[in-house]
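The next block is target.csv, given as CSV, C-alpha atoms.
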```csv
chain,number,residue,atom,x,y,z
W,1,MET,CA,28.3,38.5,162.5
W,2,ALA,CA,26.0,36.1,160.6
W,3,ARG,CA,27.8,33.8,158.2
W,4,GLY,CA,26.0,35.2,155.1
W,5,GLU,CA,26.7,38.8,156.3
W,6,GLU,CA,30.3,37.9,157.0
W,7,LYS,CA,30.8,36.3,153.6
W,8,ALA,CA,29.3,39.4,151.9
W,9,VAL,CA,31.6,41.7,153.8
W,10,MET,CA,34.7,39.6,153.0
W,11,MET,CA,33.9,39.2,149.3
W,12,THR,CA,33.1,42.9,149.0
W,13,ALA,CA,36.4,43.7,150.7
W,14,LEU,CA,38.4,41.4,148.5
W,15,ALA,CA,36.7,42.5,145.3
W,16,SER,CA,36.9,46.2,145.8
W,17,ASP,CA,40.1,46.6,147.9
W,18,GLY,CA,42.1,49.0,145.9
W,19,SER,CA,44.7,49.4,148.6
W,20,ARG,CA,47.3,47.4,146.6
W,21,ASP,CA,48.2,47.3,142.9
W,22,PRO,CA,49.4,43.7,142.2
W,23,ALA,CA,51.7,45.0,139.5
W,24,ILE,CA,54.0,46.6,142.1
W,25,GLU,CA,53.9,43.8,144.7
W,26,SER,CA,56.7,41.3,145.4
W,27,VAL,CA,56.4,37.7,144.2
W,28,SER,CA,56.3,36.5,147.8
W,29,ASN,CA,53.3,38.8,148.5
W,30,LEU,CA,51.4,37.7,145.4
W,31,TRP,CA,51.9,34.0,145.8
W,32,LEU,CA,52.4,33.4,149.5
W,33,ILE,CA,51.8,36.1,152.1
W,34,HIS,CA,48.6,37.7,150.7
W,35,PRO,CA,46.9,34.4,149.9
W,36,LEU,CA,47.5,33.2,153.4
W,37,SER,CA,46.3,36.5,154.9
W,38,ARG,CA,43.1,36.3,152.8
W,39,ALA,CA,42.6,32.7,154.0
W,40,GLY,CA,42.5,34.0,157.6
W,41,LEU,CA,40.2,36.9,156.9
W,42,GLY,CA,36.9,34.9,157.3
W,43,TRP,CA,38.1,33.4,160.5
W,44,ALA,CA,39.0,36.8,162.0
W,45,LEU,CA,35.7,38.4,160.9
W,46,ARG,CA,33.6,35.5,162.4
W,47,ARG,CA,35.3,36.0,165.8
W,48,GLY,CA,35.4,39.7,165.9
W,49,VAL,CA,39.2,39.9,165.9
W,50,SER,CA,40.3,43.5,165.4
W,51,ALA,CA,43.1,44.7,163.2
W,52,ASN,CA,45.0,46.0,166.2
W,53,MET,CA,44.8,42.6,167.9
W,54,VAL,CA,46.3,41.0,164.8
W,55,SER,CA,49.1,43.6,164.7
W,56,ILE,CA,50.0,42.7,168.3
W,57,ALA,CA,49.9,39.0,167.5
W,58,GLY,CA,52.2,39.6,164.6
W,59,LEU,CA,54.6,41.5,166.9
W,60,LEU,CA,54.7,38.5,169.2
W,61,LEU,CA,55.5,36.2,166.2
W,62,GLY,CA,58.3,38.6,165.2
W,63,ILE,CA,59.7,38.5,168.7
W,64,ALA,CA,59.7,34.7,168.6
W,65,SER,CA,61.5,34.9,165.3
W,66,ALA,CA,64.2,37.2,166.9
W,67,LEU,CA,64.7,34.6,169.7
W,68,ALA,CA,65.2,31.9,167.1
W,69,TYR,CA,67.7,33.9,165.2
W,70,PHE,CA,69.8,34.2,168.4
W,71,HIS,CA,70.8,30.6,167.5
W,72,TRP,CA,71.4,31.4,163.8
W,73,GLN,CA,74.5,29.1,163.6
W,74,ASN,CA,72.1,26.2,163.8
W,75,PRO,CA,70.3,25.8,160.4
W,76,LEU,CA,67.1,24.5,162.1
W,77,TRP,CA,66.9,27.6,164.3
W,78,ALA,CA,67.5,29.8,161.3
W,79,ALA,CA,64.7,28.1,159.5
W,80,ALA,CA,62.4,28.5,162.5
W,81,GLY,CA,63.3,32.2,162.5
W,82,LEU,CA,62.3,32.5,158.8
W,83,LEU,CA,59.0,30.6,159.3
W,84,LEU,CA,58.1,32.8,162.3
W,85,SER,CA,59.0,35.9,160.3
W,86,LEU,CA,56.6,34.6,157.5
W,87,GLY,CA,53.9,34.2,160.2
W,88,TRP,CA,54.4,37.8,161.2
W,89,LEU,CA,54.2,38.9,157.6
W,90,VAL,CA,50.9,37.0,157.2
W,91,ALA,CA,49.6,38.8,160.3
W,92,ASP,CA,50.8,42.1,158.9
W,93,GLY,CA,48.8,41.6,155.7
W,94,LEU,CA,45.8,40.3,157.6
W,95,ASP,CA,45.5,43.3,159.9
W,96,GLY,CA,45.1,45.7,157.0
W,97,MET,CA,42.5,43.4,155.4
W,98,ILE,CA,40.5,43.4,158.6
W,99,ALA,CA,40.6,47.1,158.9
W,100,ARG,CA,39.4,47.7,155.4
W,101,ALA,CA,36.7,44.9,155.6
W,102,THR,CA,35.3,46.4,158.8
W,103,GLY,CA,35.8,50.1,157.9
W,104,THR,CA,38.1,50.6,160.8
W,105,SER,CA,41.2,51.9,158.9
W,106,SER,CA,42.8,54.9,160.5
W,107,ALA,CA,46.0,56.9,160.6
W,108,ALA,CA,46.5,55.8,164.2
W,109,GLY,CA,46.2,52.1,163.1
W,110,ARG,CA,48.8,52.8,160.3
W,111,VAL,CA,51.2,54.1,162.9
W,112,LEU,CA,50.6,51.1,165.2
W,113,ASP,CA,51.2,48.8,162.3
W,114,GLY,CA,54.4,50.7,161.4
W,115,ILE,CA,55.6,50.5,165.1
W,116,CYS,CA,55.0,46.8,165.2
W,117,ASP,CA,56.9,46.3,161.9
W,118,HIS,CA,59.9,48.3,163.1
W,119,GLY,CA,59.6,46.6,166.5
W,120,VAL,CA,60.0,43.2,165.0
W,121,PHE,CA,63.2,44.1,163.2
W,122,ILE,CA,64.6,45.9,166.3
W,123,CYS,CA,64.2,42.7,168.2
W,124,ILE,CA,65.9,40.8,165.3
W,125,TYR,CA,68.8,43.3,165.2
W,126,VAL,CA,69.3,43.2,169.0
W,127,SER,CA,69.2,39.4,169.0
W,128,LEU,CA,71.8,39.1,166.2
W,129,ALA,CA,74.0,41.7,167.9
W,130,PHE,CA,74.0,39.7,171.2
W,131,SER,CA,74.7,36.5,169.3
W,132,LEU,CA,77.8,38.1,167.7
W,133,GLY,CA,79.0,40.0,170.8
W,134,PHE,CA,76.9,43.0,171.6
W,135,ALA,CA,79.7,45.3,172.7
W,136,SER,CA,81.5,44.8,169.4
W,137,TRP,CA,78.7,45.0,166.9
W,138,ALA,CA,75.9,47.1,168.5
W,139,TRP,CA,77.2,50.1,166.5
W,140,LEU,CA,76.7,48.3,163.2
W,141,ALA,CA,73.3,47.1,164.2
W,142,ALA,CA,72.2,50.6,165.3
W,143,VAL,CA,73.4,52.2,162.0
W,144,ALA,CA,71.8,49.5,159.9
W,145,GLY,CA,68.6,49.9,161.9
W,146,LEU,CA,68.5,53.6,161.4
W,147,PHE,CA,68.9,53.2,157.6
W,148,HIS,CA,66.3,50.5,157.7
W,149,ALA,CA,63.7,52.6,159.5
W,150,ILE,CA,64.2,55.6,157.1
W,151,GLN,CA,64.1,53.4,154.0
W,152,SER,CA,60.9,51.6,155.2
W,153,SER,CA,59.1,54.8,156.2
W,154,LEU,CA,59.9,56.4,152.8
W,155,TYR,CA,58.8,53.2,151.0
W,156,GLU,CA,55.5,53.1,152.8
W,157,SER,CA,55.0,56.8,152.1
W,158,GLU,CA,55.7,56.4,148.3
W,159,ARG,CA,53.5,53.3,148.1
W,160,ALA,CA,50.6,55.1,149.8
W,161,ARG,CA,51.0,58.1,147.5
W,162,TYR,CA,51.0,55.8,144.5
W,163,HIS,CA,47.8,54.0,145.5
W,164,ARG,CA,46.0,57.3,146.4
W,165,ARG,CA,46.8,58.6,142.9
W,166,ILE,CA,45.8,55.6,140.9
W,167,ARG,CA,42.4,55.9,142.7
W,168,ALA,CA,42.1,59.2,140.7
W,169,GLY,CA,43.2,61.9,143.0
W,170,VAL,CA,42.3,60.7,146.6
W,171,GLY,CA,43.6,63.4,149.0
W,172,ALA,CA,46.7,63.4,151.2
W,173,PRO,CA,46.7,61.1,154.2
W,174,ASP,CA,45.5,62.1,157.6
W,175,ARG,CA,48.2,63.8,159.7
W,176,ILE,CA,48.5,62.8,163.3
W,177,LYS,CA,49.4,65.4,165.9
W,178,PRO,CA,52.7,64.2,167.4
W,179,GLN,CA,51.6,63.7,171.0
W,180,VAL,CA,54.1,60.9,171.4
W,181,THR,CA,57.7,61.6,170.4
W,182,GLY,CA,58.1,58.3,168.5
W,183,VAL,CA,54.9,58.7,166.6
W,184,GLY,CA,55.8,62.3,165.7
W,185,LEU,CA,59.2,61.2,164.3
W,186,TYR,CA,57.6,58.3,162.4
W,187,ASP,CA,55.1,60.7,160.9
W,188,LYS,CA,57.7,63.3,160.0
W,189,VAL,CA,59.8,60.7,158.0
W,190,PHE,CA,56.6,59.3,156.4
W,191,HIS,CA,55.7,62.7,155.1
W,192,ALA,CA,59.3,63.9,154.4
W,193,LEU,CA,58.8,63.7,150.6
W,194,ASP,CA,55.3,65.3,150.5
W,195,ARG,CA,56.5,68.7,149.4
W,196,TRP,CA,58.7,67.3,146.7
W,197,ALA,CA,55.8,65.3,145.3
W,198,ALA,CA,53.2,68.1,145.8
W,199,PRO,CA,53.4,69.6,142.2
W,200,PHE,CA,52.0,66.4,140.7
W,201,ASP,CA,49.2,66.2,143.3
W,202,ARG,CA,48.3,69.8,142.4
W,203,ARG,CA,48.3,68.9,138.7
W,204,MET,CA,46.0,66.0,139.4
W,205,ALA,CA,43.6,68.1,141.5
W,206,ALA,CA,43.4,70.7,138.7
W,207,SER,CA,43.1,68.2,135.8
W,208,ALA,CA,40.1,68.1,133.6
W,209,ASP,CA,40.3,64.3,133.5
W,210,PRO,CA,41.8,63.0,136.8
W,211,PRO,CA,41.0,59.3,136.0
W,212,GLY,CA,42.8,59.6,132.7
W,213,LEU,CA,45.8,61.3,134.3
W,214,ALA,CA,45.8,58.6,137.0
W,215,ARG,CA,46.0,55.9,134.3
W,216,HIS,CA,49.0,57.6,132.6
W,217,TYR,CA,50.6,58.0,136.0
W,218,ARG,CA,50.1,54.4,136.9
W,219,GLU,CA,51.9,53.2,133.8
W,220,ALA,CA,54.8,55.6,134.3
W,221,ALA,CA,55.2,55.0,138.1
W,222,ARG,CA,54.9,51.2,138.1
W,223,PRO,CA,58.6,50.5,137.3
W,224,PRO,CA,60.1,52.6,140.1
W,225,MET,CA,57.5,51.3,142.6
W,226,LYS,CA,58.3,47.7,141.6
W,227,LEU,CA,62.0,48.4,142.2
W,228,MET,CA,61.0,49.9,145.6
W,229,SER,CA,59.4,46.6,146.6
W,230,LEU,CA,63.0,45.5,147.4
W,231,LEU,CA,62.6,47.7,150.5
W,232,SER,CA,59.6,45.7,151.8
W,233,SER,CA,59.7,43.6,155.0
W,234,ASN,CA,59.4,40.5,152.9
W,235,ALA,CA,62.7,41.1,151.1
W,236,ARG,CA,64.4,41.8,154.5
W,237,ALA,CA,62.9,38.7,156.1
W,238,PHE,CA,64.4,36.5,153.4
W,239,THR,CA,67.7,38.4,153.5
W,240,VAL,CA,68.2,37.8,157.3
W,241,PHE,CA,67.7,34.1,156.7
W,242,LEU,CA,70.1,34.1,153.7
W,243,ALA,CA,72.8,36.0,155.7
W,244,ALA,CA,72.4,33.5,158.6
W,245,VAL,CA,72.7,30.5,156.2
W,246,ALA,CA,75.8,32.2,154.7
W,247,GLY,CA,77.4,32.2,158.1
W,248,ASP,CA,77.5,35.9,158.8
W,249,PRO,CA,74.4,37.9,159.8
W,250,ARG,CA,76.4,41.1,159.4
W,251,LEU,CA,75.9,40.7,155.7
W,252,PHE,CA,72.3,41.6,156.3
W,253,TRP,CA,73.3,44.9,158.1
W,254,TRP,CA,75.7,45.9,155.4
W,255,PHE,CA,73.0,45.1,152.8
W,256,GLN,CA,70.7,47.7,154.6
W,257,ILE,CA,73.4,50.4,154.6
W,258,GLY,CA,74.7,49.9,151.1
W,259,PRO,CA,72.6,48.3,148.3
W,260,LEU,CA,69.2,49.1,149.8
W,261,THR,CA,70.1,52.7,150.3
W,262,LEU,CA,71.0,52.9,146.7
W,263,VAL,CA,67.7,51.2,145.7
W,264,ALA,CA,65.8,53.8,147.8
W,265,ILE,CA,67.6,56.8,146.3
W,266,LEU,CA,67.2,55.5,142.7
W,267,ALA,CA,63.6,54.5,143.1
W,268,ILE,CA,62.5,57.8,144.6
W,269,PHE,CA,64.3,59.9,142.0
W,270,TRP,CA,62.8,57.6,139.3
W,271,HIS,CA,59.4,58.1,140.8
W,272,ARG,CA,59.7,61.9,140.7
W,273,TRP,CA,61.0,61.8,137.1
W,274,ALA,CA,58.1,59.6,136.1
W,275,GLU,CA,55.7,62.2,137.6
W,276,ASN,CA,57.2,64.9,135.5
W,277,ARG,CA,56.7,62.8,132.3
W,278,VAL,CA,53.0,62.3,132.9
W,279,ARG,CA,50.6,64.6,131.0
W,280,ASP,CA,46.8,64.7,130.6
```
Write-out of the structure in structure tokens:
Amino acid sequence: MARGEEKAVMMTALASDGSRDPAIESVSNLWLIHPLSRAGLGWALRRGVSANMVSIAGLLLGIASALAYFHWQNPLWAAAGLLLSLGWLVADGLDGMIARATGTSSAAGRVLDGICDHGVFICIYVSLAFSLGFASWAWLAAVAGLFHAIQSSLYESERARYHRRIRAGVGAPDRIKPQVTGVGLYDKVFHALDRWAAPFDRRMAASADPPGLARHYREAARPPMKLMSLLSSNARAFTVFLAAVAGDPRLFWWFQIGPLTLVAILAIFWHRWAENRVRD
């Protein structure tokens, strides 16, 4: 790709990318992760790096983070785990930017991205469990991991729904035939709330003024979506580090099972309530 063409593609992608509403993003995304991801976009476009290649690179950084957290008792290793986690998050942001800039976004790519995200945390959970005594704490890691996976999939689903709607009634996401068991389960959780949210989608499709309805929806739905950003990978990456520094990584697991479950339930019900309040 010529430099002028690459610059035009990158600037167009950054200017027109409606995939994220900054109003519902976490502070770490706005001021750290996304700026670093954007800084790497030009480099990736010049070298023809694909979104899937970046997803895999992010997974490798995440695995390295998990290995560092095995030595969480040492503050330097814990800090290395956090920095490697941040590197993975930058890659996680960059792969989406590449996909949108090159027009290669797909449902399959979304699933790969989700699998890599969950894969990183599986590695971190397993590493922490072994560091504490796997036989004693594997059950807690497994339960926390299950809660984490469900919370994350529902969060991504609600966020995708929000962004489709504020773009004035873009249709439902592509469904993938579950040819692989893991992909099928992921997609089922991702779409678990579709039927509950469908009444508002039908109202938007039938509206005489979809852009106006989308604006009203955006104002009503921003607060619950902002609350739901606590379920992001960013928040979890920092929580792992804080639990390690506090001297007990199990605090991270209990945080998944208790407080973050309450956040997910509250934010989802709040989102549905906000939908019911919106009128043309």
Report task. Provide the CA of Met228 (chain W) to CA of His191 (chain W) distance in Å, to one decimal place. Result ->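 That distance, rounded to one decimal, is 16.8 Å.
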Query - Pick from W:Phe252, W:Gly93, W:His216, W:Trp77, whichever lies nearest to Arg38 (chain W) using all atoms listed in the file - result: W:Gly93
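Between CA of Ala138 (chain W) and CA of Ser232 (chain W) the interatomic distance comes to 23.4 Å.
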Report task. Take CA of His163 (chain W) and CA of Phe200 (chain W) and report the distance between them in Å, one decimal. Result ->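 If I compute the distance from CA of His163 (chain W) to CA of Phe200 (chain W), I get 13.9 Å.
Once Val189 (chain W) and its same-chain neighbours fewer than 6 positions away are set aside, W:Ile150, W:Ser153, W:Leu154 remain within 7 Å of it when counting all atoms listed in the file.
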Requested in this report: Compile the contact shell of region 197-199 of chain W as a list in words: residues with an atom at most 10 Å away, counting all atoms listed in the file, same-chain residues fewer than 3 positions apart removed.
Outcome: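 Within the cut-off, the hits are Glu158, Arg161, Ala172, Ala192, Leu193, Asp194, Arg202, Arg203, Met204, Ala205, His271, Arg272, Glu275 and Asn276 of chain W.
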Report task. Counting only C-alpha atoms, figure out which residue out of W:His148, W:His118, W:Arg159, W:Arg100 gets nearest to Arg222 (chain W). Result -> W:Arg159
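Proximity to Met53 (chain W) at 12 Å, evaluated using all atoms listed in the file and with sequence-adjacent residues fewer than 5 positions away removed, yields W:Ala44, W:Arg47, W:Gly48, W:Gly58, W:Leu59, W:Leu60, W:Ala91, W:Asp92, W:Leu94, W:Asp95, W:Gly96, W:Ile98, W:Ala99, W:Gly109, W:Leu112, W:Asp113, W:Cys116.
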What would the list of residues within 12 Å of (66.4, 43.0, 172.2) (file frame) look like as a compact mmCIF listing (two decimals) with C-alpha atoms, in the coordinates of the input, if only C-alpha atoms are what count?
```txt
# COMPACT_ATOMS: atom_id res chain seq x y z
CA GLY W 62 58.30 38.60 165.20
CA ILE W 63 59.70 38.50 168.70
CA ALA W 64 59.70 34.70 168.60
CA SER W 65 61.50 34.90 165.30
CA ALA W 66 64.20 37.20 166.90
CA LEU W 67 64.70 34.60 169.70
CA TYR W 69 67.70 33.90 165.20
CA PHE W 70 69.80 34.20 168.40
CA GLY W 119 59.60 46.60 166.50
CA VAL W 120 60.00 43.20 165.00
CA PHE W 121 63.20 44.10 163.20
CA ILE W 122 64.60 45.90 166.30
CA CYS W 123 64.20 42.70 168.20
CA ILE W 124 65.90 40.80 165.30
CA TYR W 125 68.80 43.30 165.20
CA VAL W 126 69.30 43.20 169.00
CA SER W 127 69.20 39.40 169.00
CA LEU W 128 71.80 39.10 166.20
CA ALA W 129 74.00 41.70 167.90
CA PHE W 130 74.00 39.70 171.20
CA SER W 131 74.70 36.50 169.30
CA PHE W 134 76.90 43.00 171.60
CA ALA W 138 75.90 47.10 168.50
CA ALA W 141 73.30 47.10 164.20
CA ALA W 142 72.20 50.60 165.30
```
Query raised in the report: Which one is closest to Ile166 (chain W): W:Asp21, W:Leu45, W:Leu140, W:Ala51? Count all atoms listed in the file.
Result: W:Asp21
Query raised in the report: Between W:Ile268, W:Ala246, W:Val263, W:Ala101, which is the closest to Ser157 (chain W) once you count only C-alpha atoms?
Result: W:Ile268
